[in-house]
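Text of protein10.cif, listed as mmCIF, C-alpha atoms:
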```
data_coords
#
loop_
_atom_site.group_PDB
_atom_site.id
_atom_site.type_symbol
_atom_site.label_atom_id
_atom_site.label_comp_id
_atom_site.auth_asym_id
_atom_site.auth_seq_id
_atom_site.Cartn_x
_atom_site.Cartn_y
_atom_site.Cartn_z
ATOM 1 C CA MET I 1 20.812 21.797 80.456
ATOM 2 C CA ASN I 2 21.803 21.039 76.896
ATOM 3 C CA ARG I 3 19.894 23.339 74.588
ATOM 4 C CA TYR I 4 19.703 20.667 71.862
ATOM 5 C CA PHE I 5 17.858 18.210 74.109
ATOM 6 C CA TRP I 6 14.801 18.617 76.287
ATOM 7 C CA PRO I 7 12.837 15.978 78.129
ATOM 8 C CA ASP I 8 9.680 16.183 76.066
ATOM 9 C CA MET I 9 11.583 15.779 72.773
ATOM 10 C CA PRO I 10 10.060 12.950 70.721
ATOM 11 C CA VAL I 11 12.169 9.845 70.703
ATOM 12 C CA ALA I 12 13.772 9.065 67.374
ATOM 13 C CA GLN I 13 11.874 6.426 65.533
ATOM 14 C CA LYS I 14 13.517 3.531 63.748
ATOM 15 C CA ALA I 15 15.361 4.525 60.648
ATOM 16 C CA PRO I 16 13.252 3.981 57.542
ATOM 17 C CA GLU I 17 13.931 0.727 55.786
ATOM 18 C CA PHE I 18 15.956 0.818 52.626
ATOM 19 C CA LYS I 19 13.701 0.465 49.601
ATOM 20 C CA LYS I 20 15.019 -1.795 46.939
ATOM 21 C CA PRO I 21 14.918 -0.431 43.411
ATOM 22 C CA ALA I 22 11.882 -1.554 41.497
ATOM 23 C CA LYS I 23 13.881 -2.402 38.394
ATOM 24 C CA LYS I 24 17.150 -4.269 38.360
ATOM 25 C CA ALA I 25 19.892 -2.595 36.353
ATOM 26 C CA ARG I 26 20.696 -4.348 33.103
ATOM 27 C CA PRO I 27 24.380 -5.150 32.755
ATOM 28 C CA TYR I 28 26.145 -4.069 29.595
ATOM 29 C CA GLN I 29 27.658 -6.798 27.513
ATOM 30 C CA ALA I 30 29.226 -4.467 24.947
ATOM 31 C CA ARG I 31 29.802 -0.803 24.199
ATOM 32 C CA ARG I 32 29.637 0.977 20.881
ATOM 33 C CA ILE I 33 31.984 3.932 20.656
ATOM 34 C CA SER I 34 32.074 6.729 18.101
ATOM 35 C CA MET I 35 35.192 8.922 18.229
ATOM 36 C CA LEU I 36 35.125 12.033 16.039
ATOM 37 C CA THR I 37 38.130 13.896 14.712
ATOM 38 C CA LYS I 38 38.580 17.573 15.503
ATOM 39 C CA ASP I 39 36.516 19.759 13.137
ATOM 40 C CA ARG I 40 35.363 16.554 11.377
ATOM 41 C CA ARG I 41 38.722 16.490 9.599
ATOM 42 C CA VAL I 42 39.196 13.711 7.028
ATOM 43 C CA VAL I 43 42.164 11.799 8.417
ATOM 44 C CA PHE I 44 41.614 8.085 7.886
ATOM 45 C CA ALA I 45 41.156 8.221 4.130
ATOM 46 C CA GLY I 46 44.818 7.380 3.540
ATOM 47 C CA GLU I 47 46.144 3.930 4.262
ATOM 48 C CA ASP I 48 49.143 5.153 6.286
ATOM 49 C CA TRP I 49 47.086 6.820 9.034
ATOM 50 C CA LYS I 50 44.499 4.063 9.036
ATOM 51 C CA ALA I 51 47.227 1.419 9.450
ATOM 52 C CA TYR I 52 48.942 3.348 12.238
ATOM 53 C CA ALA I 53 45.682 3.929 14.129
ATOM 54 C CA GLU I 54 44.649 0.288 13.691
ATOM 55 C CA LYS I 55 47.990 -0.934 15.019
ATOM 56 C CA SER I 56 47.760 1.430 17.991
ATOM 57 C CA LEU I 57 44.154 0.404 18.771
ATOM 58 C CA LEU I 58 44.958 -3.308 18.746
ATOM 59 C CA ARG I 59 48.112 -2.788 20.805
ATOM 60 C CA GLU I 60 46.266 -0.832 23.516
ATOM 61 C CA ALA I 61 43.353 -3.291 23.563
ATOM 62 C CA GLY I 62 45.781 -6.175 24.046
ATOM 63 C CA ARG I 63 47.619 -4.306 26.766
ATOM 64 C CA PHE I 64 44.462 -3.582 28.760
ATOM 65 C CA GLY I 65 42.746 -6.907 27.999
ATOM 66 C CA VAL I 66 39.765 -5.405 26.174
ATOM 67 C CA LYS I 67 38.180 -7.670 23.555
ATOM 68 C CA ILE I 68 37.352 -5.717 20.400
ATOM 69 C CA LEU I 69 34.515 -7.271 18.428
ATOM 70 C CA VAL I 70 34.341 -4.995 15.360
ATOM 71 C CA TYR I 71 35.848 -1.645 14.381
ATOM 72 C CA ALA I 72 35.633 0.578 11.325
ATOM 73 C CA PHE I 73 37.713 3.626 10.462
ATOM 74 C CA LEU I 74 35.535 6.118 8.622
ATOM 75 C CA PRO I 75 37.284 9.088 6.974
ATOM 76 C CA ASP I 76 36.451 11.388 9.893
ATOM 77 C CA ARG I 77 35.880 9.047 12.862
ATOM 78 C CA LEU I 78 36.363 5.647 14.436
ATOM 79 C CA GLU I 79 33.418 3.335 15.105
ATOM 80 C CA LEU I 80 34.206 0.609 17.618
ATOM 81 C CA LEU I 81 32.257 -2.224 19.231
ATOM 82 C CA ALA I 82 33.958 -3.951 22.152
ATOM 83 C CA GLU I 83 32.999 -6.216 25.025
ATOM 84 C CA ASN I 84 32.421 -4.354 28.243
ATOM 85 C CA PRO I 85 34.982 -5.373 30.879
ATOM 86 C CA PRO I 86 33.835 -5.730 34.495
ATOM 87 C CA ASP I 87 35.617 -2.492 35.379
ATOM 88 C CA VAL I 88 34.566 0.312 33.025
ATOM 89 C CA ARG I 89 37.555 2.428 34.074
ATOM 90 C CA VAL I 90 39.849 -0.035 32.292
ATOM 91 C CA PHE I 91 37.936 0.497 29.058
ATOM 92 C CA ASP I 92 38.038 4.272 29.389
ATOM 93 C CA ARG I 93 41.770 4.217 30.145
ATOM 94 C CA MET I 94 42.397 2.088 27.063
ATOM 95 C CA LEU I 95 40.555 4.631 24.898
ATOM 96 C CA LYS I 96 42.448 7.538 26.492
ATOM 97 C CA PHE I 97 45.803 5.849 25.835
ATOM 98 C CA PHE I 98 44.798 5.135 22.227
ATOM 99 C CA MET I 99 43.698 8.742 21.701
ATOM 100 C CA GLN I 100 46.909 10.036 23.284
ATOM 101 C CA ASP I 101 49.155 7.796 21.182
ATOM 102 C CA THR I 102 47.563 8.717 17.865
ATOM 103 C CA GLU I 103 47.256 12.393 18.862
ATOM 104 C CA ILE I 104 50.985 12.717 19.580
ATOM 105 C CA GLU I 105 51.909 11.118 16.269
ATOM 106 C CA TYR I 106 49.459 13.341 14.386
ATOM 107 C CA LYS I 107 50.751 16.493 16.099
ATOM 108 C CA LEU I 108 54.315 15.645 15.150
ATOM 109 C CA LYS I 109 53.393 15.459 11.449
ATOM 110 C CA GLU I 110 50.462 17.838 10.971
ATOM 111 C CA ARG I 111 50.881 20.231 13.926
ATOM 112 C CA LYS I 112 47.140 19.970 14.655
ATOM 113 C CA ARG I 113 44.952 18.173 17.159
ATOM 114 C CA LEU I 114 43.487 14.894 15.969
ATOM 115 C CA TRP I 115 40.595 13.975 18.272
ATOM 116 C CA MET I 116 37.706 16.093 19.392
ATOM 117 C CA GLY I 117 38.515 15.150 22.990
ATOM 118 C CA ASN I 118 35.387 13.221 23.902
ATOM 119 C CA TYR I 119 33.561 10.267 22.439
ATOM 120 C CA PHE I 120 30.012 8.980 22.290
ATOM 121 C CA THR I 121 29.112 5.705 23.966
ATOM 122 C CA LYS I 122 26.086 3.482 23.541
ATOM 123 C CA GLY I 123 25.721 0.469 25.789
ATOM 124 C CA ILE I 124 24.551 -2.814 24.286
ATOM 125 C CA THR I 125 22.641 -4.469 27.132
ATOM 126 C CA VAL I 126 21.776 -8.096 27.732
ATOM 127 C CA ASP I 127 18.272 -7.404 26.419
ATOM 128 C CA ASP I 128 19.642 -6.043 23.128
ATOM 129 C CA SER I 129 20.986 -8.317 20.446
ATOM 130 C CA LEU I 130 24.756 -8.320 20.274
ATOM 131 C CA GLU I 131 24.648 -10.182 16.952
ATOM 132 C CA GLU I 132 22.583 -7.377 15.388
ATOM 133 C CA ALA I 133 25.075 -4.776 16.602
ATOM 134 C CA ILE I 134 27.983 -6.791 15.174
ATOM 135 C CA ALA I 135 26.153 -7.251 11.850
ATOM 136 C CA GLU I 136 25.445 -3.523 11.668
ATOM 137 C CA MET I 137 29.110 -2.670 12.280
ATOM 138 C CA GLN I 138 30.282 -5.238 9.709
ATOM 139 C CA LYS I 139 27.856 -3.788 7.174
ATOM 140 C CA LEU I 140 29.255 -0.333 7.938
ATOM 141 C CA SER I 141 32.853 -1.490 7.433
ATOM 142 C CA ALA I 142 31.893 -3.304 4.194
ATOM 143 C CA THR I 143 30.371 -0.133 2.751
ATOM 144 C CA ILE I 144 33.515 1.776 3.718
ATOM 145 C CA LEU I 145 35.646 -0.774 1.856
ATOM 146 C CA ALA I 146 33.347 -0.427 -1.154
ATOM 147 C CA GLY I 147 34.085 3.309 -1.152
ATOM 148 C CA GLU I 148 30.592 4.563 -0.420
ATOM 149 C CA ARG I 149 30.037 7.611 1.764
ATOM 150 C CA VAL I 150 28.083 6.549 4.849
ATOM 151 C CA GLU I 151 26.404 8.698 7.497
ATOM 152 C CA VAL I 152 26.119 6.923 10.840
ATOM 153 C CA GLN I 153 23.668 8.168 13.416
ATOM 154 C CA THR I 154 25.237 8.221 16.835
#
```
Have the structure of the file written as structure tokens, please.
Amino acid sequence: MNRYFWPDMPVAQKAPEFKKPAKKARPYQARRISMLTKDRRVVFAGEDWKAYAEKSLLREAGRFGVKILVYAFLPDRLELLAENPPDVRVFDRMLKFFMQDTEIEYKLKERKRLWMGNYFTKGITVDDSLEEAIAEMQKLSATILAGERVEVQT
């Protein structure tokens, strides 16, 4: 006789029904990214590095089909607001390629690492106002152009 079965073993009941989640997940319509430089190094104060990083960001976004809404290069970081593509992996790959491209160029000139290696993401959901997020980023970039020092809470 099989030791894992005996005649008086209770018969398996029906499997419990799958419970649907009580709250439906809110889809992201945009993502706000904050990428810090290594050791909070001031890199994007000069126009040459800012222009190179801007060109690289737009090239990678075009290559991966990511729509960038607003971006601002602060002296020690990049603030970016972009539409969330259906596949988030595409967005993450675009950011990795951008970081790699600018990192290699920076290492060739300065012999130091450029990016901290990770970035902070905040999802703008359907319930949030995308227009407010865009206005906030435009205000941030306007104060940078005016030459004021701005602290952004991430």
For the provided coordinates, the residues matched by the PyMOL selection byres ((chain I and resi 72) around 10) should be stated as a CSV table (one decimal) with C-alpha atoms, keeping the file's coordinate frame.
```csv
chain,number,residue,atom,x,y,z
I,34,SER,CA,32.1,6.7,18.1
I,50,LYS,CA,44.5,4.1,9.0
I,54,GLU,CA,44.6,0.3,13.7
I,70,VAL,CA,34.3,-5.0,15.4
I,71,TYR,CA,35.8,-1.6,14.4
I,73,PHE,CA,37.7,3.6,10.5
I,74,LEU,CA,35.5,6.1,8.6
I,75,PRO,CA,37.3,9.1,7.0
I,77,ARG,CA,35.9,9.0,12.9
I,78,LEU,CA,36.4,5.6,14.4
I,79,GLU,CA,33.4,3.3,15.1
I,80,LEU,CA,34.2,0.6,17.6
I,81,LEU,CA,32.3,-2.2,19.2
I,137,MET,CA,29.1,-2.7,12.3
I,138,GLN,CA,30.3,-5.2,9.7
I,139,LYS,CA,27.9,-3.8,7.2
I,140,LEU,CA,29.3,-0.3,7.9
I,141,SER,CA,32.9,-1.5,7.4
I,142,ALA,CA,31.9,-3.3,4.2
I,144,ILE,CA,33.5,1.8,3.7
I,145,LEU,CA,35.6,-0.8,1.9
```
| From I:Arg41, I:Lys55, I:Lys122, I:Arg31, residue lying nearest Asp101 in chain I [only C-alpha atoms] | I:Lys55
| message | Just to confirm, what's the straight-line distance from CA of Phe98 in chain I to CA of Val66 in chain I in Å (one decimal)? | response |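 Atom-to-atom, CA of Phe98 in chain I to CA of Val66 in chain I, that is 12.3 Å.
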| field | Distance query 12 Å from (49.5, 1.5, 16.5) using all atoms listed in the file, result as a list in words | value |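 I get Asp48, Trp49, Lys50, Ala51, Tyr52, Ala53, Glu54, Lys55, Ser56, Leu57, Leu58, Arg59, Glu60, Ala61, Gly62, Arg63, Phe97, Phe98, Met99, Gln100, Asp101, Thr102, Glu103, Ile104 and Glu105 of chain I for the residues within 12 Å of that point.
Between CA of Lys96 in chain I and CA of Ala82 in chain I there is a distance of 14.9 Å.
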| task | Could you jot down the CA of Thr125 in chain I to CA of Leu36 in chain I separation for me, Å, one decimal place? | result |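 Those two atoms sit 23.5 Å apart.
Closest approach to Glu136 in chain I from the set I:Phe91, I:Phe64, I:Arg40, I:Leu69 is made by I:Leu69, with distances taken over all atoms listed in the file.
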| request: Specify as a VMD selection string each residue included when the PyMOL selection byres ((chain I and resi 128) around 12) is applied to this file. | output: chain I and resid 26 to 31 122 to 127 129 to 134
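Each of I:Val88, I:Met35, I:Ala135, I:Val42 was compared to Met116 in chain I using only C-alpha atoms, and I:Met35 turns out to be the nearest.
Distance annotation: of I:Asp39, I:Asp92, I:Glu47, I:Asp87, the residue with the minimal separation from Leu114 in chain I is I:Asp39; atom set is all atoms listed in the file.
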Can you complete the atoms of range 109-133 of chain I to N, CA, C and O atoms and list them as a PDB file, in the coordinates of the input?
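Saved result, result_6.pdb, follows:
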```pdb
ATOM      1  N   LYS I 109      53.390  15.322  12.910  1.00  0.00           N
ATOM      2  CA  LYS I 109      53.393  15.459  11.449  1.00  0.00           C
ATOM      3  C   LYS I 109      52.585  16.644  10.960  1.00  0.00           C
ATOM      4  O   LYS I 109      53.028  17.392  10.098  1.00  0.00           O
ATOM      5  N   GLU I 110      51.386  16.833  11.500  1.00  0.00           N
ATOM      6  CA  GLU I 110      50.462  17.838  10.971  1.00  0.00           C
ATOM      7  C   GLU I 110      50.406  19.122  11.789  1.00  0.00           C
ATOM      8  O   GLU I 110      49.834  20.107  11.333  1.00  0.00           O
ATOM      9  N   ARG I 111      50.920  19.085  13.015  1.00  0.00           N
ATOM     10  CA  ARG I 111      50.881  20.231  13.926  1.00  0.00           C
ATOM     11  C   ARG I 111      49.454  20.658  14.270  1.00  0.00           C
ATOM     12  O   ARG I 111      49.175  21.830  14.466  1.00  0.00           O
ATOM     13  N   LYS I 112      48.535  19.710  14.310  1.00  0.00           N
ATOM     14  CA  LYS I 112      47.140  19.970  14.655  1.00  0.00           C
ATOM     15  C   LYS I 112      46.655  18.881  15.591  1.00  0.00           C
ATOM     16  O   LYS I 112      47.223  17.794  15.640  1.00  0.00           O
ATOM     17  N   ARG I 113      45.576  19.176  16.299  1.00  0.00           N
ATOM     18  CA  ARG I 113      44.952  18.173  17.159  1.00  0.00           C
ATOM     19  C   ARG I 113      44.174  17.183  16.305  1.00  0.00           C
ATOM     20  O   ARG I 113      43.565  17.555  15.314  1.00  0.00           O
ATOM     21  N   LEU I 114      44.166  15.937  16.737  1.00  0.00           N
ATOM     22  CA  LEU I 114      43.487  14.894  15.969  1.00  0.00           C
ATOM     23  C   LEU I 114      42.064  14.652  16.462  1.00  0.00           C
ATOM     24  O   LEU I 114      41.118  14.712  15.686  1.00  0.00           O
ATOM     25  N   TRP I 115      41.900  14.377  17.741  1.00  0.00           N
ATOM     26  CA  TRP I 115      40.595  13.975  18.272  1.00  0.00           C
ATOM     27  C   TRP I 115      39.851  15.154  18.856  1.00  0.00           C
ATOM     28  O   TRP I 115      40.436  16.118  19.316  1.00  0.00           O
ATOM     29  N   MET I 116      38.547  15.051  18.846  1.00  0.00           N
ATOM     30  CA  MET I 116      37.706  16.093  19.392  1.00  0.00           C
ATOM     31  C   MET I 116      37.853  16.182  20.910  1.00  0.00           C
ATOM     32  O   MET I 116      37.607  17.212  21.503  1.00  0.00           O
ATOM     33  N   GLY I 117      38.276  15.131  21.552  1.00  0.00           N
ATOM     34  CA  GLY I 117      38.515  15.150  22.990  1.00  0.00           C
ATOM     35  C   GLY I 117      37.531  14.312  23.770  1.00  0.00           C
ATOM     36  O   GLY I 117      37.825  13.847  24.853  1.00  0.00           O
ATOM     37  N   ASN I 118      36.343  14.102  23.241  1.00  0.00           N
ATOM     38  CA  ASN I 118      35.387  13.221  23.902  1.00  0.00           C
ATOM     39  C   ASN I 118      34.822  12.256  22.874  1.00  0.00           C
ATOM     40  O   ASN I 118      35.035  12.418  21.677  1.00  0.00           O
ATOM     41  N   TYR I 119      34.117  11.274  23.337  1.00  0.00           N
ATOM     42  CA  TYR I 119      33.561  10.267  22.439  1.00  0.00           C
ATOM     43  C   TYR I 119      32.168   9.908  22.906  1.00  0.00           C
ATOM     44  O   TYR I 119      31.783  10.157  24.046  1.00  0.00           O
ATOM     45  N   PHE I 120      31.391   9.338  22.005  1.00  0.00           N
ATOM     46  CA  PHE I 120      30.012   8.980  22.290  1.00  0.00           C
ATOM     47  C   PHE I 120      29.928   7.480  22.530  1.00  0.00           C
ATOM     48  O   PHE I 120      30.482   6.698  21.771  1.00  0.00           O
ATOM     49  N   THR I 121      29.222   7.102  23.580  1.00  0.00           N
ATOM     50  CA  THR I 121      29.112   5.705  23.966  1.00  0.00           C
ATOM     51  C   THR I 121      27.655   5.276  23.965  1.00  0.00           C
ATOM     52  O   THR I 121      26.803   6.009  24.445  1.00  0.00           O
ATOM     53  N   LYS I 122      27.413   4.098  23.442  1.00  0.00           N
ATOM     54  CA  LYS I 122      26.086   3.482  23.541  1.00  0.00           C
ATOM     55  C   LYS I 122      26.287   2.083  24.094  1.00  0.00           C
ATOM     56  O   LYS I 122      27.053   1.298  23.562  1.00  0.00           O
ATOM     57  N   GLY I 123      25.597   1.780  25.173  1.00  0.00           N
ATOM     58  CA  GLY I 123      25.721   0.469  25.789  1.00  0.00           C
ATOM     59  C   GLY I 123      24.801  -0.542  25.127  1.00  0.00           C
ATOM     60  O   GLY I 123      23.638  -0.264  24.903  1.00  0.00           O
ATOM     61  N   ILE I 124      25.347  -1.697  24.800  1.00  0.00           N
ATOM     62  CA  ILE I 124      24.551  -2.814  24.286  1.00  0.00           C
ATOM     63  C   ILE I 124      24.254  -3.685  25.503  1.00  0.00           C
ATOM     64  O   ILE I 124      25.160  -4.284  26.080  1.00  0.00           O
ATOM     65  N   THR I 125      22.991  -3.737  25.921  1.00  0.00           N
ATOM     66  CA  THR I 125      22.641  -4.469  27.132  1.00  0.00           C
ATOM     67  C   THR I 125      22.357  -5.930  26.826  1.00  0.00           C
ATOM     68  O   THR I 125      22.362  -6.357  25.674  1.00  0.00           O
ATOM     69  N   VAL I 126      22.086  -6.673  27.883  1.00  0.00           N
ATOM     70  CA  VAL I 126      21.776  -8.096  27.732  1.00  0.00           C
ATOM     71  C   VAL I 126      20.475  -8.261  26.957  1.00  0.00           C
ATOM     72  O   VAL I 126      20.315  -9.213  26.198  1.00  0.00           O
ATOM     73  N   ASP I 127      19.547  -7.311  27.128  1.00  0.00           N
ATOM     74  CA  ASP I 127      18.272  -7.404  26.419  1.00  0.00           C
ATOM     75  C   ASP I 127      18.420  -7.131  24.927  1.00  0.00           C
ATOM     76  O   ASP I 127      17.620  -7.596  24.125  1.00  0.00           O
ATOM     77  N   ASP I 128      19.415  -6.339  24.544  1.00  0.00           N
ATOM     78  CA  ASP I 128      19.642  -6.043  23.128  1.00  0.00           C
ATOM     79  C   ASP I 128      20.371  -7.211  22.474  1.00  0.00           C
ATOM     80  O   ASP I 128      20.991  -8.039  23.138  1.00  0.00           O
ATOM     81  N   SER I 129      20.326  -7.240  21.167  1.00  0.00           N
ATOM     82  CA  SER I 129      20.986  -8.317  20.446  1.00  0.00           C
ATOM     83  C   SER I 129      22.405  -7.896  20.065  1.00  0.00           C
ATOM     84  O   SER I 129      22.593  -6.932  19.325  1.00  0.00           O
ATOM     85  N   LEU I 130      23.364  -8.601  20.597  1.00  0.00           N
ATOM     86  CA  LEU I 130      24.756  -8.320  20.274  1.00  0.00           C
ATOM     87  C   LEU I 130      25.057  -8.700  18.828  1.00  0.00           C
ATOM     88  O   LEU I 130      25.835  -8.027  18.149  1.00  0.00           O
ATOM     89  N   GLU I 131      24.424  -9.750  18.332  1.00  0.00           N
ATOM     90  CA  GLU I 131      24.648 -10.182  16.952  1.00  0.00           C
ATOM     91  C   GLU I 131      24.183  -9.116  15.960  1.00  0.00           C
ATOM     92  O   GLU I 131      24.826  -8.892  14.939  1.00  0.00           O
ATOM     93  N   GLU I 132      23.059  -8.451  16.272  1.00  0.00           N
ATOM     94  CA  GLU I 132      22.583  -7.377  15.388  1.00  0.00           C
ATOM     95  C   GLU I 132      23.557  -6.205  15.373  1.00  0.00           C
ATOM     96  O   GLU I 132      23.801  -5.603  14.327  1.00  0.00           O
ATOM     97  N   ALA I 133      24.107  -5.871  16.533  1.00  0.00           N
ATOM     98  CA  ALA I 133      25.075  -4.776  16.602  1.00  0.00           C
ATOM     99  C   ALA I 133      26.339  -5.118  15.817  1.00  0.00           C
ATOM    100  O   ALA I 133      26.890  -4.274  15.102  1.00  0.00           O
TER     101      ALA I 133
END
```
